[in-house]
>>> print(open('upload_19.txt').read())   # compact mmCIF, C-alpha atoms
# COMPACT_ATOMS: atom_id res chain seq x y z
CA MET A 264 -35.69 -26.12 -25.03
CA ILE A 265 -33.44 -25.05 -27.88
CA LYS A 266 -30.27 -27.13 -27.66
CA HIS A 267 -28.10 -26.27 -30.65
CA PRO A 268 -26.35 -22.92 -30.19
CA GLY A 269 -25.12 -23.01 -33.78
CA LYS A 270 -28.61 -22.76 -35.19
CA THR A 271 -31.09 -19.96 -34.99
CA ASP A 272 -34.12 -20.71 -32.86
CA VAL A 273 -36.39 -20.50 -35.85
CA VAL A 274 -34.37 -23.01 -37.87
CA GLU A 275 -34.18 -25.47 -35.02
CA ILE A 276 -37.85 -25.20 -34.22
CA ARG A 277 -38.68 -25.77 -37.87
CA ASP A 278 -36.38 -28.80 -38.03
CA ARG A 279 -37.98 -30.29 -34.96
CA ILE A 280 -41.44 -29.75 -36.34
CA LEU A 281 -40.40 -31.45 -39.59
CA ASP A 282 -38.97 -34.38 -37.66
CA LYS A 283 -42.29 -34.90 -35.95
CA GLY A 284 -44.26 -34.51 -39.14
CA VAL A 285 -46.35 -31.68 -37.75
CA THR A 286 -48.20 -29.73 -40.39
CA VAL A 287 -47.21 -26.11 -40.54
CA ARG A 288 -49.39 -23.59 -42.31
CA ARG A 289 -47.77 -20.26 -42.86
CA VAL A 290 -49.83 -17.19 -42.18
CA ARG A 291 -49.41 -14.61 -44.85
CA ASP A 292 -50.47 -11.06 -45.34
CA PRO A 293 -54.19 -11.20 -46.17
CA ASN A 294 -53.66 -8.38 -48.66
CA ASP A 295 -51.35 -10.63 -50.66
CA SER A 296 -53.53 -11.88 -53.49
CA GLY A 297 -51.15 -14.77 -54.10
CA ALA A 298 -51.45 -16.13 -50.59
CA PRO A 299 -51.13 -19.91 -50.80
CA ALA A 300 -53.81 -20.76 -48.29
CA ALA A 301 -54.53 -24.16 -49.76
CA SER A 302 -50.98 -25.23 -50.33
CA ALA A 303 -48.71 -23.80 -47.70
CA VAL A 304 -45.82 -26.12 -46.89
CA GLY A 305 -46.87 -28.84 -44.56
CA ALA A 306 -44.34 -31.47 -43.68
CA GLY A 307 -47.18 -33.55 -42.29
CA GLU A 308 -48.57 -33.76 -45.80
CA LEU A 309 -45.43 -35.57 -46.97
CA SER A 310 -46.33 -39.19 -46.61
CA SER A 311 -43.22 -40.95 -45.38
CA PRO A 312 -40.10 -40.22 -43.33
CA SER A 313 -37.94 -40.66 -46.43
CA GLU A 314 -40.04 -38.10 -48.30
CA ARG A 315 -39.75 -35.68 -45.40
CA ALA A 316 -35.98 -36.26 -45.42
CA ALA A 317 -35.88 -35.57 -49.16
CA PHE A 318 -37.79 -32.34 -48.67
CA ARG A 319 -35.40 -31.28 -45.91
CA ILE A 320 -32.40 -31.63 -48.22
CA VAL A 321 -34.05 -29.32 -50.74
CA GLN A 322 -34.99 -26.95 -47.96
CA LYS A 323 -31.37 -26.89 -46.80
CA ALA A 324 -30.34 -25.82 -50.28
CA PHE A 325 -32.84 -22.94 -50.17
CA ASP A 326 -31.64 -21.96 -46.68
CA ALA A 327 -28.02 -22.01 -47.83
CA TRP A 328 -28.93 -19.84 -50.80
CA ASN A 329 -30.73 -17.33 -48.60
CA ASP A 330 -27.77 -17.28 -46.21
CA HIS A 331 -25.45 -16.44 -49.15
CA ASP A 332 -23.74 -19.76 -48.44
CA VAL A 333 -22.79 -20.80 -51.97
CA GLU A 334 -20.34 -23.40 -50.66
CA GLY A 335 -23.02 -24.95 -48.45
CA CYS A 336 -25.37 -25.08 -51.39
CA THR A 337 -22.71 -26.66 -53.60
CA ALA A 338 -21.95 -29.29 -50.94
CA LEU A 339 -25.49 -30.62 -51.33
CA LEU A 340 -24.94 -31.40 -55.01
CA ASP A 341 -24.06 -34.80 -56.41
CA GLN A 342 -20.86 -35.05 -58.47
CA GLY A 343 -22.99 -35.80 -61.52
CA TYR A 344 -25.35 -32.88 -60.86
CA VAL A 345 -27.23 -31.43 -63.84
CA GLY A 346 -29.15 -28.17 -63.50
CA GLU A 347 -31.65 -27.29 -66.20
CA MET A 348 -33.87 -24.31 -66.69
CA HIS A 349 -37.02 -24.23 -68.78
CA GLN A 350 -36.38 -22.93 -72.32
CA THR A 351 -32.65 -22.67 -71.71
CA ALA A 352 -30.52 -24.84 -73.95
CA SER A 353 -27.39 -25.00 -71.83
CA ALA A 354 -27.39 -26.90 -68.56
CA LEU A 355 -25.16 -26.64 -65.54
CA ARG A 356 -23.02 -29.75 -65.25
CA GLY A 357 -21.30 -30.70 -62.02
CA PRO A 358 -21.05 -28.89 -58.68
CA GLU A 359 -18.29 -26.54 -59.81
CA ASP A 360 -20.31 -25.30 -62.77
CA ALA A 361 -23.25 -24.75 -60.42
CA ARG A 362 -21.09 -22.99 -57.84
CA LEU A 363 -19.82 -20.48 -60.40
CA ALA A 364 -23.35 -19.83 -61.64
CA MET A 365 -24.66 -19.34 -58.11
CA GLN A 366 -21.81 -16.99 -57.33
CA SER A 367 -22.56 -14.88 -60.40
CA ILE A 368 -26.24 -14.68 -59.57
CA ARG A 369 -25.49 -13.86 -55.95
CA GLU A 370 -23.14 -11.03 -56.96
CA SER A 371 -25.63 -9.64 -59.42
CA LEU A 372 -28.72 -10.05 -57.25
CA PRO A 373 -27.47 -9.80 -53.65
CA ASP A 374 -30.95 -9.21 -52.25
CA LEU A 375 -32.52 -12.23 -53.94
CA ARG A 376 -34.25 -14.47 -51.42
CA LEU A 377 -36.31 -17.54 -52.20
CA THR A 378 -39.21 -18.54 -50.00
CA ILE A 379 -40.69 -22.01 -50.30
CA GLU A 380 -44.45 -21.66 -50.53
CA SER A 381 -45.50 -25.25 -51.09
CA ALA A 382 -43.94 -28.60 -51.81
CA LEU A 383 -44.74 -32.06 -53.02
CA THR A 384 -42.44 -35.04 -52.58
CA VAL A 385 -42.89 -38.28 -54.47
CA GLY A 386 -40.10 -40.79 -53.92
CA ASP A 387 -36.85 -39.02 -54.81
CA ASP A 388 -38.55 -36.16 -56.65
CA VAL A 389 -39.36 -32.94 -54.83
CA LEU A 390 -41.44 -30.21 -56.43
CA VAL A 391 -41.04 -26.90 -54.65
CA SER A 392 -43.02 -23.76 -55.43
CA TRP A 393 -41.10 -20.66 -54.46
CA ARG A 394 -41.40 -16.93 -54.40
CA ALA A 395 -38.39 -14.75 -55.17
CA MET A 396 -38.06 -11.59 -53.16
CA PRO A 397 -37.97 -8.66 -53.54
CA SER A 398 -39.26 -9.14 -57.10
CA GLU A 399 -42.25 -11.25 -55.96
CA VAL A 400 -41.65 -13.51 -58.96
CA VAL A 401 -43.04 -17.00 -58.41
CA GLY A 402 -41.73 -20.20 -59.95
CA CYS A 403 -40.95 -23.80 -59.16
CA THR A 404 -38.10 -26.29 -59.15
CA VAL A 405 -38.27 -30.04 -59.48
CA THR A 406 -35.34 -31.70 -57.73
CA ARG A 407 -34.26 -35.32 -58.06
CA LEU A 408 -32.24 -36.75 -55.22
CA GLN A 409 -29.76 -39.55 -55.41
CA GLY A 410 -28.82 -40.83 -52.00
CA ARG A 411 -28.79 -37.67 -49.95
CA LYS A 412 -27.47 -35.47 -52.72
CA ILE A 413 -29.16 -33.32 -55.32
CA ALA A 414 -28.61 -35.00 -58.68
CA HIS A 415 -30.85 -32.95 -60.97
CA THR A 416 -32.88 -29.77 -60.89
CA TRP A 417 -35.28 -28.35 -63.41
CA THR A 418 -36.43 -24.81 -62.78
CA TYR A 419 -39.46 -23.14 -64.25
CA ALA A 420 -39.40 -19.39 -63.80
CA PRO A 421 -41.21 -16.58 -65.51
CA ASN A 422 -39.32 -14.63 -68.16
CA ARG A 423 -37.95 -11.86 -65.99
CA LEU A 424 -35.98 -14.05 -63.64
CA ARG A 425 -35.09 -16.60 -66.29
CA SER A 426 -33.57 -14.05 -68.63
CA LYS A 427 -31.47 -12.63 -65.81
CA ALA A 428 -30.19 -16.06 -64.77
CA THR A 429 -29.46 -17.06 -68.36
CA GLU A 430 -27.61 -13.83 -69.00
CA LEU A 431 -25.37 -14.54 -66.02
CA ARG A 432 -24.42 -18.03 -67.11
CA MET B 271 -51.84 -41.80 -47.76
CA ALA B 272 -52.62 -38.21 -48.73
CA ARG B 273 -53.01 -37.66 -52.44
CA GLN B 274 -51.76 -34.48 -53.98
CA LEU B 275 -52.79 -32.63 -57.08
CA VAL B 276 -50.67 -30.23 -59.02
CA ILE B 277 -53.00 -27.95 -60.94
CA VAL B 278 -51.19 -26.06 -63.69
CA ALA B 279 -52.62 -22.85 -65.16
CA ARG B 280 -53.60 -23.14 -68.83
CA GLU B 281 -51.09 -20.44 -69.78
CA HIS B 282 -48.20 -22.74 -68.82
CA PRO B 283 -48.43 -25.80 -71.09
CA ASP B 284 -44.68 -26.46 -70.96
CA LEU B 285 -44.79 -26.76 -67.20
CA TYR B 286 -47.78 -29.06 -67.45
CA SER B 287 -46.00 -31.34 -69.96
CA TYR B 288 -42.87 -31.54 -67.88
CA LEU B 289 -44.60 -32.26 -64.58
CA ARG B 290 -46.96 -34.73 -66.22
CA GLU B 291 -44.03 -36.70 -67.57
CA ARG B 292 -41.98 -36.39 -64.39
CA PHE B 293 -44.75 -37.63 -62.11
CA ALA B 294 -46.25 -40.16 -64.53
CA GLY B 295 -47.29 -43.39 -62.87
CA ARG B 296 -46.98 -42.00 -59.35
CA ALA B 297 -50.16 -42.77 -57.46
CA GLN B 298 -49.60 -40.12 -54.78
CA ALA B 299 -49.51 -37.23 -57.21
CA GLU B 300 -51.59 -36.23 -60.19
CA VAL B 301 -50.86 -33.37 -62.54
CA LEU B 302 -53.86 -31.60 -64.07
CA LEU B 303 -54.19 -28.73 -66.51
CA ASP B 304 -56.72 -26.16 -65.40
CA ARG B 305 -59.01 -25.91 -68.39
CA ARG B 306 -61.64 -23.72 -66.80
CA VAL B 307 -62.28 -20.32 -68.29
CA GLY B 308 -63.55 -17.87 -65.70
CA GLN B 309 -67.02 -17.93 -64.22
CA ARG B 310 -69.78 -18.62 -66.73
CA ARG B 311 -72.45 -17.53 -64.34
CA GLY B 312 -72.98 -13.75 -64.31
CA GLU B 313 -72.23 -12.28 -60.92
CA HIS B 314 -75.16 -9.89 -60.64
CA VAL B 315 -77.84 -11.30 -62.90
CA PRO B 316 -80.95 -12.11 -60.89
CA VAL B 317 -82.65 -15.39 -61.72
CA PRO B 318 -86.10 -16.47 -60.50
CA SER B 319 -84.96 -19.87 -59.42
CA ASP B 320 -81.34 -20.90 -59.17
CA ARG B 321 -81.06 -24.64 -59.73
CA ARG B 322 -77.40 -24.72 -58.74
CA ARG B 323 -77.37 -25.30 -55.03
CA GLN B 324 -73.72 -24.45 -54.62
CA ASP B 325 -70.59 -23.57 -56.52
CA ARG B 326 -69.20 -26.77 -57.99
CA ARG B 327 -65.72 -25.36 -57.61
CA ALA B 328 -64.92 -26.71 -54.20
CA ARG B 329 -61.73 -24.71 -53.82
CA PRO B 330 -62.33 -21.17 -55.06
CA GLY B 331 -58.96 -20.17 -53.54
CA VAL B 332 -57.25 -22.26 -56.20
CA ASP B 333 -58.80 -20.13 -58.95
CA THR B 334 -57.49 -17.00 -57.31
CA MET B 335 -54.03 -18.47 -56.93
CA LEU B 336 -53.87 -19.67 -60.52
CA ARG B 337 -54.37 -16.11 -61.69
CA SER B 338 -51.09 -15.08 -60.15
CA ARG B 339 -48.96 -18.21 -60.49
CA SER B 340 -48.22 -21.06 -62.84
CA HIS B 341 -49.46 -23.86 -60.61
CA VAL B 342 -50.96 -24.78 -57.27
CA ILE B 343 -50.34 -27.85 -55.11
CA VAL B 344 -53.45 -29.13 -53.39
CA THR B 345 -53.55 -31.93 -50.82
CA LEU B 346 -56.68 -34.02 -50.91
CA PRO B 347 -57.97 -35.36 -47.61
>>> encode(input="upload_19.txt", output="structure tokens")
Amino acid sequence: MIKHPGKTDVVEIRDRILDKGVTVRRVRDPNDSGAPAASAVGAGELSSPSERAAFRIVQKAFDAWNDHDVEGCTALLDQGYVGEMHQTASALRGPEDARLAMQSIRESLPDLRLTIESALTVGDDVLVSWRAMPSEVVGCTVTRLQGRKIAHTWTYAPNRLRSKATELR
Amino acid sequence: MARQLVIVAREHPDLYSYLRERFAGRAQAEVLLDRRVGQRRGEHVPVPSDRRRQDRRARPGVDTMLRSRSHVIVTLP
């Protein structure tokens, strides 16, 4: 039975599955040539409870982003947060810097949604492969956690998305 | 403990270098550069006796995925 009225059914079901370490394999459109059949996100593939917890923090950040919740996303960041992007010299430093950048990107690309396609967690490092919609651009982000906060991110994105993000910073 | 591979497409050497360094020394994860270049065997060339019993590429789906993305995460049993 779904017990938390504040959450959507889907989110709660997903959280409960993650808590139990059940492997989830997403079913995608068979016409999608990029379907990640071998590497769909499976919380059961993350080896320890702490690694599952680390993955959930990153997943919360993606959920907050998709819900246009910039404040919620910022709240997950450590005070010493550094956000880097491949081939971009300047980095985001601190939650406020990140909040302003996220706000700019959100205003410029209101339809941008990120879907996690696969993930790997090793200790405090979480590698997440994502797909940006509606552009269908795929990329990845490596997140380092410190405590239960996001301390560092490094994002690798193809040129199209990267140039847009850089231009907005 | 499940072991995971991150296979990076050859067109993304910067990603490979970064991930290799980031996950260095971690037994649970290994980062590999996909060095393979297409299929050497012709698709429709008949041969009298094929000595290869099966495709040595155990995960052909990975090849397909690496054509459209920079990397693939694979969990080994």
>>> closest_residue(input="upload_19.txt", among="B:Met335, B:Leu346, B:Glu300, B:His282", to="chain A", atoms="only C-alpha atoms")
B:Met335
>>> atom_distance(input="upload_19.txt", atom1="atom CA of Leu377 of chain A", atom2="atom CA of Phe325 of chain A")
6.7 Å
>>> atom_distance(input="upload_19.txt", atom1="atom CA of Val278 of chain B", atom2="atom CA of Leu302 of chain B")
6.2 Å
>>> closest_residue(input="upload_19.txt", among="A:Pro373, A:Leu390, A:Arg319, A:Tyr419", to="Thr406 of chain A", atoms="all atoms listed in the file")
A:Leu390
>>> interface_residues(input="upload_19.txt", of="chain B", to="chain A", cutoff="8 Å", atoms="all atoms listed in the file", output="ChimeraX atom specification")
/B:271-272,274,285,293,296,298-299,331-332,334-335,338-340,342-345
>>> axis_aligned_box(input="upload_19.txt", around="segment 370-373 of chain A", padding_each_side="4 Å", output="AutoDock Vina command-line options")
--center_x -25.9 --center_y -10.3 --center_z -56.5 --size_x 13.6 --size_y 9.4 --size_z 13.8
>>> atom_distance(input="upload_19.txt", atom1="atom CA of Leu339 of chain A", atom2="atom CA of Gly357 of chain A")
11.5 Å
